[in-house]
Every structure is written in C-alpha cells, then in structure tokens.
>>> print(open('data_33.csv').read())   # CSV, C-alpha atoms
chain,number,residue,atom,x,y,z
X,1,MET,CA,0.0,0.0,0.0
X,2,GLU,CA,2.8,2.4,0.9
X,3,THR,CA,4.6,1.7,-2.4
X,4,GLN,CA,1.4,2.4,-4.3
X,5,HIS,CA,1.0,5.7,-2.4
X,6,TYR,CA,4.6,6.8,-3.3
X,7,LYS,CA,4.0,5.9,-7.0
X,8,THR,CA,0.8,8.0,-7.0
X,9,LEU,CA,2.7,11.0,-5.5
X,10,VAL,CA,5.6,10.6,-8.0
X,11,ALA,CA,3.2,10.5,-10.9
X,12,LYS,CA,1.8,13.9,-9.8
X,13,LEU,CA,5.2,15.6,-10.2
X,14,PRO,CA,4.9,16.1,-14.0
X,15,LEU,CA,1.4,17.6,-13.3
X,16,LEU,CA,3.0,20.0,-10.8
X,17,LYS,CA,5.6,21.2,-13.4
X,18,ALA,CA,2.8,21.6,-16.0
X,19,GLU,CA,0.8,23.7,-13.5
X,20,ILE,CA,3.7,26.0,-12.8
X,21,GLY,CA,4.3,26.2,-16.5
X,22,LYS,CA,0.8,27.7,-16.9
X,23,VAL,CA,2.2,30.9,-15.3
X,24,ILE,CA,6.0,30.7,-15.8
X,25,ILE,CA,7.1,30.5,-19.5
X,26,GLY,CA,10.3,28.5,-19.9
X,27,GLN,CA,12.9,28.3,-17.1
X,28,GLU,CA,12.3,24.5,-16.9
X,29,VAL,CA,15.8,23.9,-15.6
X,30,VAL,CA,15.4,26.5,-12.8
X,31,ILE,CA,12.0,25.1,-11.8
X,32,GLY,CA,13.4,21.6,-11.7
X,33,GLU,CA,16.3,22.8,-9.5
X,34,VAL,CA,13.9,24.6,-7.0
X,35,LEU,CA,11.8,21.5,-6.8
X,36,THR,CA,14.9,19.4,-6.3
X,37,ALA,CA,15.8,21.6,-3.3
X,38,LEU,CA,12.2,21.1,-1.9
X,39,LEU,CA,12.3,17.3,-2.2
X,40,ALA,CA,15.8,17.2,-0.7
X,41,GLY,CA,14.7,19.3,2.2
X,42,GLY,CA,17.1,22.2,1.6
X,43,HIS,CA,17.1,25.9,0.7
X,44,CYS,CA,18.2,27.7,-2.4
X,45,LEU,CA,19.7,31.0,-3.5
X,46,LEU,CA,18.4,32.4,-6.8
X,47,GLU,CA,20.6,34.9,-8.7
X,48,GLY,CA,19.3,36.8,-11.7
X,49,VAL,CA,18.8,40.3,-13.1
X,50,PRO,CA,15.5,42.1,-12.3
X,51,GLY,CA,12.4,41.1,-14.3
X,52,LEU,CA,13.0,37.4,-14.7
X,53,ALA,CA,9.9,36.4,-12.6
X,54,LYS,CA,11.8,35.1,-9.6
X,55,THR,CA,9.0,36.2,-7.2
X,56,LEU,CA,6.2,35.0,-9.4
X,57,MET,CA,7.9,31.6,-9.9
X,58,VAL,CA,8.2,31.0,-6.1
X,59,ARG,CA,4.6,32.3,-5.4
X,60,THR,CA,3.2,30.1,-8.2
X,61,MET,CA,5.0,27.0,-6.9
X,62,ALA,CA,3.6,27.7,-3.4
X,63,ASP,CA,0.1,28.0,-4.8
X,64,ALA,CA,0.3,24.8,-6.8
X,65,LEU,CA,1.4,23.1,-3.5
X,66,ALA,CA,-1.1,24.7,-1.2
X,67,MET,CA,1.8,26.0,0.9
X,68,ARG,CA,1.7,29.1,3.0
X,69,PHE,CA,3.8,31.8,1.2
X,70,LYS,CA,5.5,34.9,2.7
X,71,ARG,CA,7.7,37.4,1.0
X,72,ILE,CA,10.3,39.4,3.0
X,73,GLN,CA,11.8,42.4,1.2
X,74,PHE,CA,15.3,42.8,2.5
X,75,THR,CA,16.4,46.4,3.0
X,76,PRO,CA,19.3,48.1,4.9
X,77,ASP,CA,16.9,49.0,7.8
X,78,LEU,CA,15.3,45.6,8.2
X,79,MET,CA,15.8,44.2,11.7
X,80,PRO,CA,15.9,40.5,12.9
X,81,GLY,CA,12.6,41.0,14.7
X,82,ASP,CA,11.0,41.9,11.4
X,83,ILE,CA,11.8,38.4,10.2
X,84,VAL,CA,11.4,36.1,13.2
X,85,GLY,CA,8.8,38.1,15.2
X,86,THR,CA,8.7,40.0,18.4
X,87,GLU,CA,7.1,40.0,21.9
X,88,VAL,CA,4.2,42.4,22.5
X,89,LEU,CA,2.9,43.4,26.0
X,90,GLU,CA,-0.7,42.1,26.2
X,91,GLU,CA,-3.3,42.4,29.0
X,92,ASP,CA,-5.8,39.8,30.2
X,93,HIS,CA,-9.1,41.6,30.3
X,94,GLU,CA,-10.5,39.3,33.0
X,95,THR,CA,-7.7,39.4,35.5
X,96,GLY,CA,-6.0,42.7,34.5
X,97,LYS,CA,-2.6,40.9,34.4
X,98,LYS,CA,-0.1,41.9,31.8
X,99,PHE,CA,2.0,39.4,29.9
X,100,PHE,CA,4.3,39.2,26.9
X,101,GLN,CA,2.9,37.5,23.8
X,102,PHE,CA,5.2,36.3,21.0
X,103,ASN,CA,3.8,37.5,17.7
X,104,LYS,CA,5.3,35.3,14.9
X,105,GLY,CA,7.0,37.0,12.0
X,106,PRO,CA,6.9,36.1,8.3
X,107,ILE,CA,9.5,33.4,8.7
X,108,PHE,CA,6.6,31.2,10.0
X,109,ALA,CA,5.4,30.0,6.6
X,110,ASN,CA,6.1,27.0,4.4
X,111,VAL,CA,7.7,28.9,1.6
X,112,VAL,CA,9.6,32.1,2.5
X,113,LEU,CA,11.0,34.3,-0.3
X,114,ALA,CA,13.9,36.4,1.1
X,115,ASP,CA,14.0,39.0,-1.7
X,116,GLU,CA,17.4,40.6,-2.3
X,117,ILE,CA,19.0,39.1,0.8
X,118,ASN,CA,22.3,40.9,0.2
X,119,ARG,CA,20.7,44.3,0.7
X,120,THR,CA,20.5,43.9,4.5
X,121,PRO,CA,23.3,43.9,7.1
X,122,PRO,CA,24.9,40.7,8.4
X,123,LYS,CA,23.0,40.8,11.8
X,124,THR,CA,19.7,40.5,10.0
X,125,GLN,CA,21.0,38.0,7.5
X,126,ALA,CA,22.1,35.9,10.4
X,127,ALA,CA,18.5,35.8,11.7
X,128,MET,CA,17.8,33.3,8.9
X,129,LEU,CA,20.6,31.0,9.9
X,130,GLU,CA,19.0,29.1,12.8
X,131,ALA,CA,15.7,28.8,10.9
X,132,MET,CA,17.5,27.3,7.9
X,133,GLN,CA,19.5,24.8,9.9
X,134,GLU,CA,17.4,24.0,12.9
X,135,TYR,CA,13.8,24.6,11.6
X,136,ARG,CA,13.0,26.6,14.6
X,137,VAL,CA,13.3,30.1,16.0
X,138,THR,CA,14.6,30.9,19.5
X,139,TYR,CA,13.2,34.1,21.1
X,140,ALA,CA,13.6,35.1,24.8
X,141,GLY,CA,14.8,31.6,25.7
X,142,GLN,CA,11.7,30.0,24.1
X,143,ASP,CA,11.9,27.6,21.1
X,144,TYR,CA,9.2,28.0,18.4
X,145,PRO,CA,9.2,25.2,15.7
X,146,LEU,CA,8.7,26.3,12.1
X,147,PRO,CA,5.9,24.7,10.0
X,148,ARG,CA,7.0,21.8,7.8
X,149,PRO,CA,7.7,21.5,5.0
X,150,PHE,CA,9.8,24.6,5.2
X,151,LEU,CA,11.7,26.2,2.3
X,152,ILE,CA,13.7,29.4,2.1
X,153,ILE,CA,14.4,30.8,-1.3
X,154,ALA,CA,16.7,33.8,-1.2
X,155,THR,CA,17.3,36.0,-4.2
X,156,GLN,CA,20.1,38.4,-5.1
X,157,ASN,CA,20.8,40.7,-7.9
X,158,PRO,CA,24.1,40.3,-9.7
X,159,ILE,CA,24.2,44.0,-10.7
X,160,GLU,CA,24.2,47.2,-8.5
X,161,GLN,CA,26.6,45.9,-5.9
X,162,ALA,CA,27.0,49.3,-4.2
X,163,GLY,CA,25.5,49.4,-0.8
X,164,THR,CA,25.1,45.6,-0.6
X,165,TYR,CA,26.3,43.1,2.0
X,166,PRO,CA,27.6,40.0,0.3
X,167,LEU,CA,26.7,36.8,2.2
X,168,PRO,CA,29.6,35.3,4.1
X,169,GLU,CA,30.9,31.9,2.9
X,170,ALA,CA,29.6,30.1,6.0
X,171,GLN,CA,26.1,31.4,5.3
X,172,LEU,CA,26.3,30.6,1.6
X,173,ASP,CA,27.1,27.0,2.5
X,174,ARG,CA,23.8,26.7,4.3
X,175,PHE,CA,22.0,27.0,0.9
X,176,LEU,CA,21.7,23.5,-0.7
X,177,LEU,CA,21.7,25.0,-4.2
X,178,TYR,CA,22.9,28.2,-5.8
X,179,ILE,CA,20.8,28.7,-8.9
X,180,LYS,CA,21.5,31.2,-11.7
X,181,LEU,CA,18.7,32.4,-13.9
X,182,GLY,CA,19.4,33.5,-17.5
X,183,TYR,CA,17.4,35.4,-20.0
X,184,PRO,CA,14.6,33.5,-21.8
X,185,SER,CA,15.0,32.4,-25.4
X,186,GLU,CA,13.5,34.6,-28.1
X,187,ALA,CA,10.5,32.3,-28.6
X,188,GLU,CA,9.9,32.2,-24.8
X,189,GLU,CA,10.1,35.9,-24.4
X,190,LEU,CA,7.6,36.3,-27.3
X,191,THR,CA,5.2,34.0,-25.5
X,192,VAL,CA,5.6,36.0,-22.3
X,193,LEU,CA,4.7,39.2,-24.1
X,194,ARG,CA,1.7,37.6,-25.7
X,195,THR,CA,0.3,35.9,-22.6
X,196,THR,CA,1.0,38.3,-19.8
X,197,THR,CA,-0.3,41.6,-21.2
X,198,GLY,CA,-3.9,40.8,-21.5
X,199,THR,CA,-6.8,40.1,-19.2
X,200,HIS,CA,-6.5,36.2,-19.0
X,201,ARG,CA,-5.1,34.8,-15.7
X,202,PRO,CA,-4.7,31.1,-15.5
X,203,ASP,CA,-6.4,29.2,-12.7
X,204,LEU,CA,-4.0,27.1,-10.7
X,205,GLN,CA,-5.0,23.7,-9.4
X,206,THR,CA,-3.5,22.4,-6.1
X,207,ILE,CA,-1.5,19.3,-7.0
X,208,LEU,CA,0.2,18.3,-3.7
X,209,SER,CA,-0.6,18.9,-0.1
X,210,ASP,CA,1.9,19.6,2.8
X,211,GLN,CA,1.8,16.0,3.8
X,212,ASP,CA,2.4,14.8,0.3
X,213,ILE,CA,5.6,16.9,0.2
X,214,LEU,CA,6.8,15.5,3.5
X,215,ASP,CA,6.1,12.0,2.2
X,216,LEU,CA,8.1,12.7,-1.0
X,217,GLN,CA,11.0,14.1,1.1
X,218,HIS,CA,10.9,10.8,3.0
X,219,LEU,CA,10.9,8.8,-0.3
X,220,THR,CA,13.8,10.9,-1.6
X,221,ARG,CA,16.1,9.6,1.2
X,222,GLN,CA,15.1,6.0,0.3
X,223,VAL,CA,16.2,6.3,-3.3
X,224,HIS,CA,19.0,3.9,-4.2
X,225,ILE,CA,22.5,5.1,-4.9
X,226,SER,CA,25.3,2.7,-5.6
X,227,ASP,CA,28.5,2.7,-3.6
X,228,ASP,CA,30.4,3.4,-6.9
X,229,LEU,CA,28.4,6.7,-7.3
X,230,ILE,CA,28.9,7.7,-3.7
X,231,THR,CA,32.7,7.1,-4.2
X,232,TYR,CA,32.5,9.2,-7.4
X,233,ILE,CA,30.8,12.1,-5.5
X,234,ASN,CA,33.4,11.9,-2.8
X,235,ARG,CA,36.2,12.1,-5.3
X,236,LEU,CA,34.5,14.9,-7.2
X,237,VAL,CA,34.2,17.0,-4.0
X,238,ARG,CA,37.7,16.2,-2.8
X,239,ALA,CA,39.1,17.2,-6.1
X,240,THR,CA,37.9,20.8,-5.6
X,241,ARG,CA,40.5,21.2,-2.8
X,242,PRO,CA,43.9,22.7,-3.7
X,243,ARG,CA,45.6,21.9,-0.4
X,244,PRO,CA,48.5,19.4,-0.3
X,245,ASP,CA,46.5,16.9,1.8
X,246,ALA,CA,44.0,16.6,-1.0
X,247,SER,CA,46.3,16.8,-3.9
X,248,ALA,CA,47.0,13.1,-4.0
X,249,ASN,CA,43.3,12.5,-4.7
X,250,SER,CA,43.1,15.2,-7.3
X,251,PRO,CA,44.0,14.5,-10.9
X,252,VAL,CA,43.3,18.1,-11.8
X,253,PRO,CA,46.4,20.4,-11.7
X,254,PHE,CA,44.3,23.5,-12.6
X,255,VAL,CA,42.6,23.4,-9.2
X,256,LYS,CA,45.9,24.5,-7.6
X,257,GLN,CA,46.2,27.3,-10.2
X,258,TRP,CA,42.6,28.7,-9.8
X,259,VAL,CA,41.1,27.6,-6.5
X,260,GLU,CA,41.7,29.3,-3.1
X,261,TRP,CA,39.8,26.7,-1.2
X,262,GLY,CA,37.4,23.9,-2.1
X,263,ALA,CA,34.1,22.3,-1.0
X,264,GLY,CA,33.6,20.7,2.4
X,265,PRO,CA,31.8,17.4,3.3
X,266,ARG,CA,28.5,19.2,3.3
X,267,ALA,CA,28.8,19.6,-0.4
X,268,GLY,CA,29.0,15.8,-0.8
X,269,GLN,CA,25.9,15.3,1.4
X,270,ALA,CA,24.1,17.9,-0.7
X,271,LEU,CA,25.1,16.2,-4.0
X,272,VAL,CA,23.9,12.8,-2.8
X,273,LEU,CA,20.5,14.2,-1.6
X,274,CYS,CA,20.0,16.3,-4.7
X,275,ALA,CA,20.9,13.5,-7.1
X,276,LYS,CA,18.2,11.4,-5.2
X,277,ALA,CA,15.7,14.2,-5.5
X,278,ARG,CA,16.4,14.6,-9.3
X,279,ALA,CA,15.8,10.9,-9.7
X,280,VAL,CA,12.4,11.2,-8.0
X,281,LEU,CA,11.5,14.2,-10.3
X,282,HIS,CA,12.3,12.0,-13.3
X,283,GLU,CA,10.2,9.2,-11.9
X,284,ARG,CA,13.2,6.9,-11.1
X,285,PHE,CA,14.1,5.2,-7.9
X,286,SER,CA,17.8,4.9,-8.5
X,287,VAL,CA,20.5,7.6,-9.1
X,288,ILE,CA,22.4,7.7,-12.4
X,289,PRO,CA,25.7,9.6,-13.2
X,290,ASP,CA,23.8,12.2,-15.1
X,291,ASP,CA,21.9,13.3,-11.9
X,292,ILE,CA,25.3,14.0,-10.2
X,293,GLN,CA,26.9,15.7,-13.2
X,294,THR,CA,23.9,18.0,-13.8
X,295,LEU,CA,23.5,19.0,-10.2
X,296,ALA,CA,27.3,19.5,-9.6
X,297,TYR,CA,26.9,23.1,-10.8
X,298,PRO,CA,24.3,24.4,-8.4
X,299,VAL,CA,25.7,22.4,-5.5
X,300,LEU,CA,29.3,23.4,-5.9
X,301,ARG,CA,29.4,26.8,-7.4
X,302,HIS,CA,29.0,28.6,-4.1
X,303,ARG,CA,31.3,26.2,-2.3
X,304,ILE,CA,34.4,26.9,-4.3
X,305,ALA,CA,36.4,30.1,-3.8
X,306,LEU,CA,38.6,31.2,-6.7
X,307,ASN,CA,41.9,33.0,-6.3
X,308,PHE,CA,43.1,36.2,-7.9
X,309,ARG,CA,44.7,34.4,-10.8
X,310,ALA,CA,41.4,32.8,-11.8
X,311,GLU,CA,39.6,36.1,-11.6
X,312,ALA,CA,42.3,37.8,-13.7
X,313,GLU,CA,41.9,35.1,-16.3
X,314,GLY,CA,38.1,35.3,-16.4
X,315,ILE,CA,37.7,31.8,-14.9
X,316,THR,CA,34.3,31.2,-13.2
X,317,THR,CA,33.4,28.5,-10.7
X,318,ASP,CA,31.2,26.9,-13.4
X,319,THR,CA,34.4,26.6,-15.6
X,320,VAL,CA,36.2,24.8,-12.8
X,321,ILE,CA,33.2,22.4,-12.2
X,322,SER,CA,33.0,21.7,-15.9
X,323,GLU,CA,36.7,20.8,-16.0
X,324,LEU,CA,36.4,18.7,-12.9
X,325,ILE,CA,33.5,16.6,-14.4
X,326,LYS,CA,35.8,15.9,-17.4
X,327,ALA,CA,38.8,15.1,-15.3
X,328,VAL,CA,37.2,12.9,-12.5
X,329,LYS,CA,36.2,9.6,-13.9
>>> encode(input="data_33.csv", output="structure tokens")
Amino acid sequence: METQHYKTLVAKLPLLKAEIGKVIIGQEVVIGEVLTALLAGGHCLLEGVPGLAKTLMVRTMADALAMRFKRIQFTPDLMPGDIVGTEVLEEDHETGKKFFQFNKGPIFANVVLADEINRTPPKTQAAMLEAMQEYRVTYAGQDYPLPRPFLIIATQNPIEQAGTYPLPEAQLDRFLLYIKLGYPSEAEELTVLRTTTGTHRPDLQTILSDQDILDLQHLTRQVHISDDLITYINRLVRATRPRPDASANSPVPFVKQWVEWGAGPRAGQALVLCAKARAVLHERFSVIPDDIQTLAYPVLRHRIALNFRAEAEGITTDTVISELIKAVK
C-alpha cells in the first residue's frame, strides 16, 4: 500500500511542473532545481537580473502546492525582529494581568521568499541561519518550531553591488543550491509578451498537499544510490580542494592554479541528496551519473572560492566544475 502511495505521488510531479508552466514560461531547468531543493529538504539561492519572474515563480509553486507563502523584502533598515517576530505586551481583560505574547514573524510560513537578501546587514542575514539549519526560532529563551515543509528561497541581484552586504561563505554553505537564472530564449520571451499583457489569468490547481511533500521528502532519502556513485561524488568534491593533503586524490592540476579553497563534506551530502531528488523528479528510484553531473553546478558553485589568478583570467566556478567533471572519472 505504501509503495502504491509513493508511486501515486511521484506520478503527480509532472502535473506539478505543468501547473507551474501555466504561469512561468520557460525556465524548466530552474523550476526543476527549485523542486529538487524542496524534495531534498534544503534551501536555495536564486541569482538573476530584475524582471525574470523570480518572485512570481516562487509564489506560483507555493500556490500549486497549497503551501503558505510569505515574502520578505530585505532592505538596509530591516531588523531581525521583522523576520522572526517580536514580543508584545498584552493584558488579560478578565484578571487585568499583563504578559508578553510572542507575535510570529513572516518566517513562520512553508515557503519564504527572502528577496534581495544581500541588501540587509549581516546581523539581519544571520537571523535566517537558525531557521534554515534547525527549523526553529529561539526568542527570549523559548523555542518556536517552524511549520513543515519549510523552504527558504533567497534572491540576489548580480548587478548594482554598491550598498550591498555579500553573504559570508559560512552562510552561503547553508544553501543547498545556488541557482543562476538566465534570460529567456527569443521564442519564450515572445510568448511572455503575448500571454501576460492581456486580461487572462490562468487558474492554478493544487497538485500536492503539505503531507504529500513530507512523504516525497521521506521517499527521496530512500532512493537507491550505488557505492560506486557515492565514491564518485566523494572524489569529485575532494578534487575541488587545492591543499597538499587533498592533492593526492586530485587528478586536476588546474585546481591549484585557480582555487583558493574547495568544498567541504556538506557539499558531498548535498550532492547525494539532490541526485536522489532529481531521480524522483524524473520518476526513477535509482540515481544515475547524469543526476550527479547535472547538479554538480548548483551544488558546488557557491562552495568553491577562486583566487586572484582565476579572476584575472576570467575563470568562473562553473568553468572549474566543468573541467572537474571531465577530469574525475
């Protein structure tokens, strides 16, 4: 019975993508990566220029999943209490006694869009850390669990860097995936112009419930991955490190030339989980090498720091990852 239940849920995933596609034209790869993060139980960072429908994409996904959605606009004057909530002095009208009542902030939702997260100072950015890692908020010594499923999608703008606060590496590492959005193709952009400037608004159907997502997250961890592929992931992650202790495992001399420091063990865990999630999205119950090689980019690109030489030569982290995939067999 349980197997049949899982098969029914997996069969709904193409319907979910189709439902999101009613509103979002193109961006299939990005939608797939966001859904991968959701099934793997992690959070993602979206980077793209303004006007690529980042907010609309996240809101549409939340609607198709019947998940509570909140958007937080990050600005320089945003305070931690504006995210997690704050205590308010209340009065009991029957007894006249006063007490503090915790008013929950917008972080208490299933899908939280942290819009332009790099526009707020580090103290406020750090307010997201405990929520992302522990799935709870601590205020005045009290723990408040966050609703499950819980997904934070943060966005940042690659242009206009004046007055921004880049996320520290430790905080970047908390994001399961770092997803880059590109411009749509000419045909897709033409479709956007035709379909979004009239009066028609598509009606979205709810495809999966909160419990369905939790069940799919449980299924994702049960997906089979062979020892050979786990070894491959381990070698791929270790090959990103330029230090002498890792050089014996690294067949890639360019890592020493271009990389300041490489990915840690969390990257390997992320790659295993995301490969399993991608298998589920493709209605498979076993990981294949293509799952790993496709997701190596969003998993590793924010976990590799390049040195000055690489930047001077115009090398990007995606270039390094591409070369690693060719070099590590």
>>> residues_around(input="data_33.csv", residues="Tyr144 (chain X)", least_positions_apart="6", cutoff="10 Å", atoms="all atoms listed in the file", output="PyMOL selection string")
chain X and resi 84+102+104+108+131+135-138
>>> residues_around(input="data_33.csv", residues="Val259 (chain X)", least_positions_apart="2", cutoff="6 Å", atoms="only C-alpha atoms", output="NGL selection string")
:X and (255-256 or 261 or 305-307)
>>> closest_residue(input="data_33.csv", among="X:Glu28, X:Asp227, X:Glu283, X:Asp63", to="Asn110 (chain X)", atoms="all atoms listed in the file")
X:Asp63
>>> closest_residue(input="data_33.csv", among="X:Thr124, X:Thr199, X:Gln293, X:Gln211", to="Tyr232 (chain X)", atoms="all atoms listed in the file")
X:Gln293
>>> closest_residue(input="data_33.csv", among="X:Pro242, X:Pro289, X:Pro80, X:Gly264", to="Glu169 (chain X)", atoms="all atoms listed in the file")
X:Gly264
>>> residues_near_point(input="data_33.csv", point="(26.4, 39.7, 4.9)", cutoff="12 Å", atoms="all atoms listed in the file", output="list in words")
Phe74, Pro76, Glu116, Ile117, Asn118, Arg119, Thr120, Pro121, Pro122, Lys123, Thr124, Gln125, Ala126, Ala127, Met128, Leu129, Gln156, Gly163, Thr164, Tyr165, Pro166, Leu167, Pro168, Glu169, Ala170, Gln171 and Leu172 of chain X
>>> residues_around(input="data_33.csv", residues="region 190-196 of chain X", least_positions_apart="3", cutoff="12 Å", atoms="only C-alpha atoms", output="list in words")
Gly21, Lys22, Val23, Ile24, Ile25, Gly26, Gln27, Gly51, Leu52, Ala53, Pro184, Ser185, Glu186, Ala187, Thr199, His200, Arg201 and Pro202 of chain X
>>> residues_near_point(input="data_33.csv", point="(3.9, 14.1, -9.4)", cutoff="10 Å", atoms="all atoms listed in the file", output="MDAnalysis selection string")
chainID X and resid 6:17 207:208 212 216 280:283
>>> atom_distance(input="data_33.csv", atom1="CA of Arg148 (chain X)", atom2="CA of Ile233 (chain X)")
28.9 Å
>>> closest_residue(input="data_33.csv", among="X:Ala64, X:Val88, X:Cys274, X:Met57", to="Val299 (chain X)", atoms="only C-alpha atoms")
X:Cys274
>>> decode(input="data_33.csv", residues="region 142-181 of chain X", atoms="C-alpha atoms", output="compact mmCIF listing (two decimals), in the first residue's frame")
# COMPACT_ATOMS: atom_id res chain seq x y z
CA GLN X 142 11.75 29.95 24.09
CA ASP X 143 11.88 27.63 21.05
CA TYR X 144 9.19 28.02 18.39
CA PRO X 145 9.15 25.24 15.75
CA LEU X 146 8.66 26.30 12.14
CA PRO X 147 5.95 24.71 10.00
CA ARG X 148 6.95 21.75 7.84
CA PRO X 149 7.66 21.50 4.98
CA PHE X 150 9.84 24.61 5.17
CA LEU X 151 11.73 26.15 2.25
CA ILE X 152 13.65 29.43 2.13
CA ILE X 153 14.35 30.81 -1.34
CA ALA X 154 16.65 33.82 -1.22
CA THR X 155 17.26 36.03 -4.25
CA GLN X 156 20.11 38.36 -5.06
CA ASN X 157 20.81 40.73 -7.90
CA PRO X 158 24.15 40.29 -9.74
CA ILE X 159 24.22 43.99 -10.66
CA GLU X 160 24.19 47.16 -8.51
CA GLN X 161 26.62 45.88 -5.88
CA ALA X 162 27.04 49.32 -4.25
CA GLY X 163 25.47 49.36 -0.79
CA THR X 164 25.09 45.58 -0.57
CA TYR X 165 26.34 43.12 2.05
CA PRO X 166 27.65 39.96 0.34
CA LEU X 167 26.69 36.77 2.16
CA PRO X 168 29.60 35.28 4.14
CA GLU X 169 30.88 31.91 2.92
CA ALA X 170 29.57 30.09 6.02
CA GLN X 171 26.08 31.36 5.30
CA LEU X 172 26.31 30.59 1.59
CA ASP X 173 27.15 27.00 2.53
CA ARG X 174 23.76 26.70 4.28
CA PHE X 175 22.05 26.96 0.91
CA LEU X 176 21.67 23.54 -0.68
CA LEU X 177 21.66 25.01 -4.21
CA TYR X 178 22.91 28.22 -5.81
CA ILE X 179 20.76 28.66 -8.93
CA LYS X 180 21.51 31.16 -11.69
CA LEU X 181 18.69 32.43 -13.89
